[in-house]
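A.B. asks: Data: structure27.tsv, TSV, C-alpha atoms.
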chain	number	residue	atom	x	y	z
U	112	MET	CA	134.71	106.53	69.34
U	113	LYS	CA	132.49	104.19	71.38
U	114	LYS	CA	135.38	103.58	73.79
U	115	ILE	CA	135.88	107.32	74.30
U	116	VAL	CA	132.16	107.88	74.98
U	117	ALA	CA	132.11	104.92	77.37
U	118	GLY	CA	135.18	106.26	79.17
U	119	VAL	CA	133.70	109.74	79.54
U	120	MET	CA	130.41	108.27	80.82
U	121	ALA	CA	132.29	106.13	83.37
U	122	LEU	CA	134.18	109.20	84.63
U	123	LEU	CA	130.93	111.15	84.95
U	124	VAL	CA	129.26	108.34	86.91
U	125	VAL	CA	132.24	107.96	89.26
U	126	GLY	CA	132.52	111.73	89.64
U	127	CYS	CA	128.83	112.11	90.50
U	128	ALA	CA	128.88	109.16	92.90
U	129	GLY	CA	131.86	110.57	94.79
U	130	ASP	CA	130.53	114.14	94.89
U	131	ASP	CA	127.96	113.53	97.66
U	132	LYS	CA	130.36	114.46	100.51
U	133	GLY	CA	128.12	112.73	103.05
U	134	GLY	CA	124.96	114.64	102.12
U	135	GLU	CA	122.90	111.47	101.75
U	136	GLN	CA	123.18	110.75	105.46
U	137	TYR	CA	121.40	114.08	106.17
U	138	ARG	CA	118.54	113.62	103.69
U	139	TYR	CA	114.88	113.31	104.59
U	140	TYR	CA	112.30	111.88	102.19
U	141	PRO	CA	108.63	112.46	103.07
U	142	PRO	CA	106.24	109.51	103.02
U	143	VAL	CA	104.02	108.74	100.08
U	144	ALA	CA	100.36	108.60	101.08
U	145	LYS	CA	98.66	105.38	100.13
U	146	ALA	CA	95.04	104.34	100.12
U	147	THR	CA	93.94	102.59	103.30
U	148	ASN	CA	90.61	101.07	104.25
U	149	LYS	CA	89.05	103.97	106.17
U	150	THR	CA	85.42	102.85	106.19
U	151	GLN	CA	83.63	99.73	107.37
U	152	GLU	CA	79.96	98.80	107.17
U	153	MET	CA	78.52	96.55	109.88
U	154	ALA	CA	75.15	94.89	110.35
U	155	ILE	CA	75.06	95.80	114.06
U	156	PRO	CA	73.54	98.74	116.00
U	157	GLY	CA	75.51	101.96	116.41
U	158	ASP	CA	75.40	101.73	120.22
U	159	LEU	CA	77.32	98.46	120.08
U	160	VAL	CA	79.85	99.89	117.61
U	161	TRP	CA	80.30	102.94	119.89
U	162	ALA	CA	80.91	100.78	122.99
U	163	ARG	CA	83.41	98.61	121.10
U	164	ALA	CA	85.22	101.72	119.85
U	165	GLU	CA	85.53	103.12	123.38
U	166	LYS	CA	86.93	99.79	124.58
U	167	TRP	CA	89.40	99.62	121.67
U	168	PHE	CA	90.71	103.13	122.44
U	169	ARG	CA	91.15	102.20	126.13
U	170	ASP	CA	92.87	98.90	125.27
U	171	GLN	CA	95.32	100.78	123.05
U	172	GLY	CA	96.07	103.30	125.80
U	173	LEU	CA	94.55	106.14	123.76
U	174	HIS	CA	92.74	108.85	125.70
U	175	ILE	CA	89.47	109.91	124.06
U	176	GLU	CA	89.56	113.72	123.92
U	177	ASN	CA	86.21	114.35	122.30
U	178	SER	CA	83.20	112.05	122.52
U	179	GLN	CA	80.01	113.34	120.92
U	180	ARG	CA	77.81	110.27	120.77
U	181	GLY	CA	74.83	112.17	119.36
U	182	ALA	CA	76.96	113.45	116.47
U	183	GLY	CA	78.74	110.11	116.12
U	184	LEU	CA	82.19	111.68	116.55
U	185	MET	CA	85.05	110.38	118.67
U	186	THR	CA	88.60	111.80	118.59
U	187	ALA	CA	91.86	110.95	120.29
U	188	SER	CA	95.45	112.03	120.02
U	189	VAL	CA	98.70	111.01	121.57
U	190	GLU	CA	101.60	113.43	121.87
U	191	ASN	CA	105.27	112.52	122.11
U	192	SER	CA	104.59	108.81	121.75
U	193	ALA	CA	107.03	106.55	119.94
U	194	ASP	CA	104.18	103.99	119.80
U	195	GLY	CA	102.54	106.25	117.21
U	196	LEU	CA	105.28	105.35	114.73
U	197	ALA	CA	103.95	101.79	114.62
U	198	TRP	CA	100.82	103.20	112.96
U	199	LEU	CA	102.38	106.09	111.04
U	200	ASP	CA	104.79	106.35	108.13
U	201	CYS	CA	106.80	109.53	108.64
U	202	GLY	CA	109.18	109.01	105.72
U	203	THR	CA	112.71	107.75	105.34
U	204	MET	CA	115.93	109.43	106.26
U	205	GLY	CA	119.68	109.16	106.14
U	206	SER	CA	121.80	107.72	108.92
U	207	ARG	CA	122.31	111.15	110.56
U	208	VAL	CA	118.61	112.05	110.75
U	209	ALA	CA	116.20	110.98	113.50
U	210	LEU	CA	112.52	111.46	114.18
U	211	GLY	CA	111.34	112.58	117.58
U	212	ASN	CA	108.22	113.45	119.53
U	213	PRO	CA	105.68	111.87	117.17
U	214	ASN	CA	102.05	112.93	117.55
U	215	LEU	CA	99.12	110.74	116.49
U	216	GLN	CA	95.62	112.06	115.72
U	217	ILE	CA	92.57	109.82	115.23
U	218	SER	CA	89.01	110.76	114.28
U	219	LEU	CA	86.22	108.20	114.20
U	220	ILE	CA	82.75	108.89	112.82
U	221	ILE	CA	79.98	106.37	113.44
U	222	THR	CA	76.66	106.64	111.64
U	223	GLN	CA	73.64	104.37	112.07
U	224	SER	CA	70.58	103.48	110.05
U	225	GLY	CA	68.39	100.98	111.85
U	226	ASN	CA	70.56	98.02	112.84
U	227	HIS	CA	73.19	98.94	110.26
U	228	SER	CA	76.27	101.07	111.10
U	229	VAL	CA	79.14	102.63	109.21
U	230	ALA	CA	82.43	103.61	110.84
U	231	THR	CA	84.94	105.94	109.17
U	232	ALA	CA	88.41	106.43	110.64
U	233	ASN	CA	90.93	109.14	109.82
U	234	VAL	CA	94.50	108.74	111.06
U	235	LYS	CA	97.23	111.38	110.71
U	236	GLY	CA	100.22	112.60	112.58
U	237	TYR	CA	103.32	114.72	112.61
U	238	THR	CA	106.74	114.60	114.17
U	239	GLU	CA	109.92	116.58	114.60
U	240	LEU	CA	113.17	116.01	112.78
U	241	PHE	CA	116.67	116.07	114.27
U	242	PHE	CA	120.15	115.88	112.81
U	243	VAL	CA	122.43	113.59	114.80
U	244	GLU	CA	126.02	114.65	115.44
U	245	ALA	CA	128.84	112.09	115.74
U	246	SER	CA	128.69	112.63	119.52
U	247	GLY	CA	125.05	111.56	119.51
U	248	GLU	CA	123.78	115.06	120.18
U	249	ARG	CA	120.45	115.73	118.46
U	250	ILE	CA	120.14	119.09	116.70
U	251	PRO	CA	116.53	120.17	115.99
U	252	ALA	CA	115.63	120.89	112.36
U	253	PRO	CA	112.56	123.16	112.75
U	254	SER	CA	112.63	124.18	109.08
U	255	ILE	CA	111.63	120.64	108.09
U	256	LYS	CA	108.04	119.76	109.05
U	257	PRO	CA	107.46	116.03	108.50
U	258	VAL	CA	103.83	115.05	108.10
U	259	CYS	CA	103.04	111.42	108.78
U	260	VAL	CA	100.53	109.26	106.93
U	261	SER	CA	98.70	106.16	108.08
U	262	ARG	CA	100.22	102.73	107.46
U	263	GLY	CA	96.68	101.26	107.61
U	264	SER	CA	97.39	98.98	110.57
U	265	LEU	CA	95.50	101.13	113.11
U	266	GLU	CA	92.38	101.08	110.94
U	267	GLN	CA	92.66	97.31	110.49
U	268	SER	CA	92.94	96.74	114.24
U	269	LEU	CA	90.07	99.12	115.03
U	270	PHE	CA	87.73	97.68	112.39
U	271	ALA	CA	88.52	94.11	113.47
U	272	THR	CA	87.27	95.04	116.95
U	273	LEU	CA	84.25	97.03	115.81
U	274	GLY	CA	82.88	94.34	113.52
U	275	ASN	CA	83.73	91.44	115.81
Would you write out, as structure tokens, the structure that this file holds?

C.D. replies:
Amino acid sequence: MKKIVAGVMALLVVGCAGDDKGGEQYRYYPPVAKATNKTQEMAIPGDLVWARAEKWFRDQGLHIENSQRGAGLMTASVENSADGLAWLDCGTMGSRVALGNPNLQISLIITQSGNHSVATANVKGYTELFFVEASGERIPAPSIKPVCVSRGSLEQSLFATLGN
């Protein structure tokens, strides 16, 4: 009886494994958000933190879109930049799926109390998904809307500069 059950189980496993018909190469798995260090306290004045933040954005080639020093808010975004994928996790995909036109959005809030400052960064993004034909042609998949989450490396780089 055990041999029969083992044989049936083996057939089921082989049958299920062979039933994919190439579907795995067209699969997209969204990223799993993970906790990143989004806040840093510094024993330095807010004006110095603000100046260092502006320099960091310039050094990274990020254009500051909104700079409200009085409110302590600075935002930047980059559209259609493959460099954004170094900072973003947009999920995993099969061999016939490709990401394209990634967009990166960064918000930085700086608050000050005396000579003490706190910086909070928020990093998000989104991208487009394409299916890749054998010819290399990329077919848009507008029904799939990948949202990207931070890898934490942008925040680490920014905070290393701000607290330096």

A.B. asks: Taking a cut-off of 12 Å and counting all atoms listed in the file, can you build a table that, for each residue of segment 180-240 of chain U near segment 247-270 of chain U, reports the nearest atom pair and how far apart they are in Å (one decimal), sorted by chain then residue number, as a tab-separated table?

C.D. replies:
residue	atom	partner	partner_atom	distance
U:Asp194	CA	U:Leu265	CA	11.3
U:Gly195	CA	U:Leu265	CA	9.6
U:Leu196	CA	U:Cys259	CA	8.8
U:Ala197	CA	U:Arg262	CA	8.1
U:Trp198	CA	U:Arg262	CA	5.6
U:Leu199	CA	U:Ser261	CA	4.7
U:Asp200	CA	U:Val260	CA	5.3
U:Cys201	CA	U:Cys259	CA	4.2
U:Gly202	CA	U:Cys259	CA	7.3
U:Thr203	CA	U:Pro257	CA	10.3
U:Met204	CA	U:Pro257	CA	11.0
U:Ser206	CA	U:Gly247	CA	11.7
U:Arg207	CA	U:Arg249	CA	9.3
U:Val208	CA	U:Arg249	CA	8.7
U:Ala209	CA	U:Arg249	CA	8.1
U:Leu210	CA	U:Pro257	CA	8.9
U:Gly211	CA	U:Pro251	CA	9.3
U:Asn212	CA	U:Pro251	CA	11.3
U:Pro213	CA	U:Cys259	CA	8.8
U:Asn214	CA	U:Cys259	CA	9.0
U:Leu215	CA	U:Cys259	CA	8.7
U:Gln216	CA	U:Ser261	CA	10.1
U:Ile217	CA	U:Leu265	CA	9.4
U:Ser218	CA	U:Glu266	CA	10.8
U:Leu219	CA	U:Leu269	CA	9.9
U:Ile221	CA	U:Phe270	CA	11.7
U:Val229	CA	U:Phe270	CA	10.4
U:Ala230	CA	U:Phe270	CA	8.1
U:Thr231	CA	U:Glu266	CA	9.1
U:Ala232	CA	U:Glu266	CA	6.7
U:Asn233	CA	U:Glu266	CA	8.3
U:Val234	CA	U:Ser261	CA	5.8
U:Lys235	CA	U:Val260	CA	5.4
U:Gly236	CA	U:Cys259	CA	4.9
U:Tyr237	CA	U:Val258	CA	4.6
U:Thr238	CA	U:Pro257	CA	5.9
U:Glu239	CA	U:Pro257	CA	6.6
U:Leu240	CA	U:Ala252	CA	5.5

A.B. asks: State, in Å with one decimal place, the distance from atom CA of Thr186 of chain U to atom CA of Lys166 of chain U.

C.D. replies: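 For atom CA of Thr186 of chain U relative to atom CA of Lys166 of chain U, the distance reads 13.5 Å.
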
A.B. asks: Could you name the residues that touch Ser224 of chain U at 12 Å or less, counting all atoms listed in the file, but leaving out those on the same chain fewer than 2 positions away, as a list in words?

C.D. replies: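 Near Ser224 of chain U, the qualifying residues are Glu152, Met153, Ala154, Ile155, Pro156, Gly157, Asp158, Ile221, Thr222, Asn226, His227, Ser228, Val229 and Ala230 of chain U.
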
A.B. asks: Just to confirm, what's the straight-line distance from atom CA of Val160 of chain U to atom CA of Gly274 of chain U in Å (one decimal)?

C.D. replies: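 Spanning atom CA of Val160 of chain U to atom CA of Gly274 of chain U is a straight-line distance of 7.5 Å.
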
A.B. asks: Calculate how many Å separate atom CA of Ser246 of chain U from atom CA of Glu190 of chain U, rounding to one decimal.

C.D. replies: 27.2 Å

A.B. asks: Please return, as a PyMOL selection string, all polymer residues that have at least one atom within 6 Å of the point (84.2, 98.1, 118.7); use all atoms listed in the file and the file's own coordinate frame.

C.D. replies: chain U and resi 160+163-164+272-273
